[in-house]
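S.K.: Pasting in a structure now, in structure tokens, and then I'll have a few things to ask.
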Amino acid sequence: MSVAMVNKKKFRVMFFIEMWERFAFYGFQTLFMLFIAQEKLPSQEAYMIFGIFSALLYTSPVIGGVLADRVIGLKRGLLLGTIVLILGYFILSISTTMNMIIAALSLIAIGNGFFKPTPSAIVAKIYDQDATQSKVAFTYFYMSINIGGIPALTITPLIAIYSSYHLAFFLSVIGMLLGLGNYLFKRHLFDDVNSAGDLLALTTVKIIAISVTLLLLFSLFNLILHFLNISFYMLLIFSLMVFFYLIIINQSSPTKEVKFKFYVGIILLLESVAFWVVYNQMFSTILMFSAKNVDLYLLGFRLSPANLVIAEGLAIVIFSPAIAKFYTMLKRNKMKLTVPFQYAIGQVFAGMSMLILVLAGTFFSHNAQINLFWVVGALACFAVGEILISALALSMVALYFPKKINAFCLGVFFLTVAAGGAIAGKLAALFVAFPKSTAVTKSLSIYVNYFLWLGVISAAFGLLYLLVAIAIQRAAKRMQVNID
């Protein structure tokens, strides 16, 4: 069997486990804000706990990435993360108090820390010899995320409406079990895919050390989720420290080309924070806006606000193959659209998605409600930006950073998502937190003003990134460095 065929088999296994993990995660994520805001907490506190949890969710891969790279290995990290996620989702599905919910969130964040960097790092190793194939593979890999999300976004919100949130959350457990079973059955395919940690023996001392680490992380995350405002600033400080650490690492790069690419990667990671602030609106303010100011009836059937998020996933599935073919076409014609330019374009699309909601709320509302297809259009617009930034960010890490710290840098990428989540939660708590009894006309005005500022600032960042991309392109040409 050819190397290409073997690589395709490996890719399909990673595609499948990522798909089921995303099924579990999206089923949980799209319902959680509605669950705690409507049943457990005032909206201001709900936005903050969602923002801080989102930050923890994506901060933890920094720790998980390091341990996967150097201690337990990518494949063991994948297994450990999956098992902890299953436990977290199970506790959430039976939770009756905020303490149980916070315990479940802590486990989900920890499990995500070990799981999230590993499938991407494994795919990067499979296609580490071909930059174009890496871009294509990661674009299709990112599509797996949304294939998993679509059934979750269709089924779980309806179960929550017509049955219970707890039963809806239990579907996440089932999804993770399916992904785990398939990986265990085909694990032998990855015998030759190893990080430094995979080649080290799993000793008793190492098992004890990992167990203690898990316990400490669980205690720390519980504490963080109980002190939200303090945690917000601590997470931002931690993010800055990690970026400074990256800069320090780069000082020992062996050549100018490696150092230049490293710096480009750092710039792109910093740029993505603004994108993730907008991204997190989809699972927080846009959900709450849809619950209050969107006509959710379709053909006489009432949808859940969470059902609307399916539009973004469908758009990604539809647009991803076309964009992947576009990359191949550019290469065939000896042209290329470098990642810095893709980031700039993606950020502009993110801003445009917010402005679509502003347009609808300002000119096309009826009785302070807009048609649900305006939200669908906004999310479809955002999907283009997500493909250009999030999907290619995974490939960007593989292309710009040294392979020996690949999983760690993927963790740093997820740390930018964490910063975006924390900032999004803080902004929402400051500007769109209001009592449930607020009139729909008042809430529409608040949301439209919030989306307006968010959209304008996001689009402005996109234009700024375009200038940065031009500067990078000129510097690369002057130094004769290929930045892909």
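Every chain in the structure tokens has a letter given in the order shown (A, B, ...), and although residue numbers restart at 1 in each chain, ligands are simply numbered from 1 in the order shown.
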Need to verify the contact set: A:Phe319, 9 Å, only C-alpha atoms, exclusion of same-chain residues closer than 5 positions in sequence. Can you return it as a list in words?
M.R.: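 Near A:Phe319, the qualifying residues are Leu314, Ala324, Ala383, Val384 and Ile387 of chain A.
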S.K.: With C-alpha atoms kept, could you save the residues just selected as a JSON list (two decimals), in the first residue's frame?
M.R.:
```
[["chain", "number", "residue", "atom", "x", "y", "z"],
["A", 314, "LEU", "CA", -23.29, 24.06, 7.22],
["A", 324, "ALA", "CA", -9.39, 23.93, -0.56],
["A", 383, "ALA", "CA", -18.03, 31.03, 8.40],
["A", 384, "VAL", "CA", -15.85, 32.34, 5.55],
["A", 387, "ILE", "CA", -12.24, 28.94, 7.43]]
```
S.K.: Tell me, as a compact mmCIF listing (two decimals) with N, CA and C atoms, in the first residue's frame, which residues lie within 12 Å of A:Thr203, counting only C-alpha atoms; anything in the same chain fewer than 4 positions away does not count.
M.R.:
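This is the output file around_0.txt:
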```txt
# COMPACT_ATOMS: atom_id res chain seq x y z
N VAL A 71 6.25 14.46 27.66
CA VAL A 71 6.11 13.52 28.78
C VAL A 71 5.31 12.28 28.39
N ILE A 72 4.02 12.44 28.06
CA ILE A 72 3.18 11.26 27.84
C ILE A 72 3.01 10.91 26.37
N ILE A 207 3.05 7.99 35.88
CA ILE A 207 1.60 7.87 36.11
C ILE A 207 1.18 8.64 37.35
N ILE A 208 1.98 8.53 38.41
CA ILE A 208 1.68 9.27 39.65
C ILE A 208 1.76 10.78 39.41
N ALA A 209 2.79 11.20 38.67
CA ALA A 209 2.97 12.63 38.39
C ALA A 209 1.80 13.19 37.59
N ILE A 210 1.34 12.44 36.59
CA ILE A 210 0.20 12.89 35.78
C ILE A 210 -1.07 12.95 36.63
```
S.K.: Can you work out the spacing between atom CA of A:Ser445 and atom CA of A:Leu299 in Å, to one decimal?
M.R.: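 Between atom CA of A:Ser445 and atom CA of A:Leu299 the gap is 27.5 Å.
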S.K.: Go through A:Met288, A:Cys409, A:Ala168, A:Leu303 one by one, measure the shortest atom-to-atom distance of each to A:Leu444 using only C-alpha atoms, and give the residue with the smallest value.
M.R.: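 Closest candidate: A:Met288.
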S.K.: Considering only C-alpha atoms, return as number ranges by chain whatever protein or nucleic-acid residues lie within 9 Å of A:Val84, sequence-local ones (same chain, fewer than 4 positions apart) excluded.
M.R.: A: 79-80, 88-89, 107-108, 110-112, 114
S.K.: Excluding same-chain residues fewer than 2 positions from A:Phe260, what lies within 12 Å of it counting only C-alpha atoms, as a list in words?
M.R.: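 The filter keeps Ile247, Asn250, Gln251, Ser253, Pro254, Thr255, Lys256, Glu257, Val258, Phe262, Tyr263, Val264, Gly265, Ile266, Ile267, Tyr400, Phe401, Pro402, Ile472, Gln473, Ala475, Ala476, Lys477, Arg478, Met479, Gln480, Val481, Asn482 and Ile483 of chain A.
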S.K.: From the list A:Ala311, A:Ala274, A:Val417, A:Leu153, which residue is nearest A:Ser458 when using only C-alpha atoms?
M.R.: A:Ala274
S.K.: Between atom CA of A:Val375 and atom CA of A:Leu287, what distance in Å does the model show, to one decimal?
M.R.: 9.9 Å
S.K.: Please return, as a VMD selection string, all residues of stretch 40-227 of chain A that DSSP assigns to helix (DSSP H, G or I) on the basis of the backbone.
M.R.: chain A and resid 43 to 70 74 to 93 98 to 115 117 to 126 131 to 162 165 to 185 187 to 190 197 to 199 204 to 226
S.K.: Rounded to one decimal in Å, what is the spacing between atom CA of A:Leu167 and atom CA of A:Lys292?
M.R.: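 Atom-to-atom, atom CA of A:Leu167 and atom CA of A:Lys292 are spaced 24.4 Å apart.
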S.K.: Give the strand (DSSP E or B) residues of stretch 197-368 of chain A, as DSSP finds them on the backbone, and put them as a list in words.
M.R.: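 Those in stretch 197-368 of chain A that DSSP calls strand (DSSP E or B) are Val294, Asp295, Tyr297, Leu298, Phe301, Arg302 and His366 of chain A.
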S.K.: Would you put the residues from that selection into a file with N, CA and C atoms, as a compact mmCIF listing (two decimals), in the first residue's frame?
M.R.:
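Output file again-v8.txt is given in full below:
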```txt
# COMPACT_ATOMS: atom_id res chain seq x y z
N VAL A 294 -35.38 37.49 17.98
CA VAL A 294 -35.46 36.80 16.70
C VAL A 294 -36.73 35.95 16.66
N ASP A 295 -37.45 36.04 15.55
CA ASP A 295 -38.64 35.19 15.34
C ASP A 295 -38.15 33.78 15.02
N TYR A 297 -39.82 30.96 14.71
CA TYR A 297 -40.77 30.03 14.08
C TYR A 297 -40.42 29.82 12.61
N LEU A 298 -40.36 28.57 12.21
CA LEU A 298 -40.08 28.18 10.84
C LEU A 298 -41.11 27.15 10.41
N PHE A 301 -43.13 25.77 13.19
CA PHE A 301 -42.42 24.99 14.22
C PHE A 301 -41.41 25.89 14.91
N ARG A 302 -41.44 25.90 16.25
CA ARG A 302 -40.53 26.77 16.98
C ARG A 302 -39.18 26.11 17.18
N HIS A 366 -39.50 43.76 13.03
CA HIS A 366 -40.95 43.89 13.14
C HIS A 366 -41.34 43.50 14.55
```
S.K.: For A:Val339, find every residue with an atom within 10 Å (counting only C-alpha atoms), except residues of its own chain fewer than 4 positions away, and show them as a PyMOL selection string.
M.R.: chain A and resi 264-265+268+343-345+388-389+392-393+395-396+469+483-484
S.K.: Return the single residue from A:Phe461, A:Ile83, A:Ile316, A:Thr285 that is closest to A:Phe50, with distances computed using only C-alpha atoms.
M.R.: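 Of the candidates, the smallest distance to A:Phe50 is held by A:Thr285.
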S.K.: Would you kindly return, as a PyMOL selection string, each protein, DNA or RNA residue with an atom no farther than 9 Å from any atom of A:Pro151, considering only C-alpha atoms and excluding same-chain residues fewer than 4 positions away?
M.R.: chain A and resi 23+27+147+155-156+310
S.K.: Between A:Ile36, A:Leu246, A:Gly181, A:Phe289, which residue has the minimum interatomic distance to A:Lys259, considering only C-alpha atoms?
M.R.: A:Leu246
S.K.: Using only C-alpha atoms for the distances, tell me which of A:His226, A:Arg187, A:Lys125, A:Arg22 is nearest to A:Glu45.
M.R.: A:His226
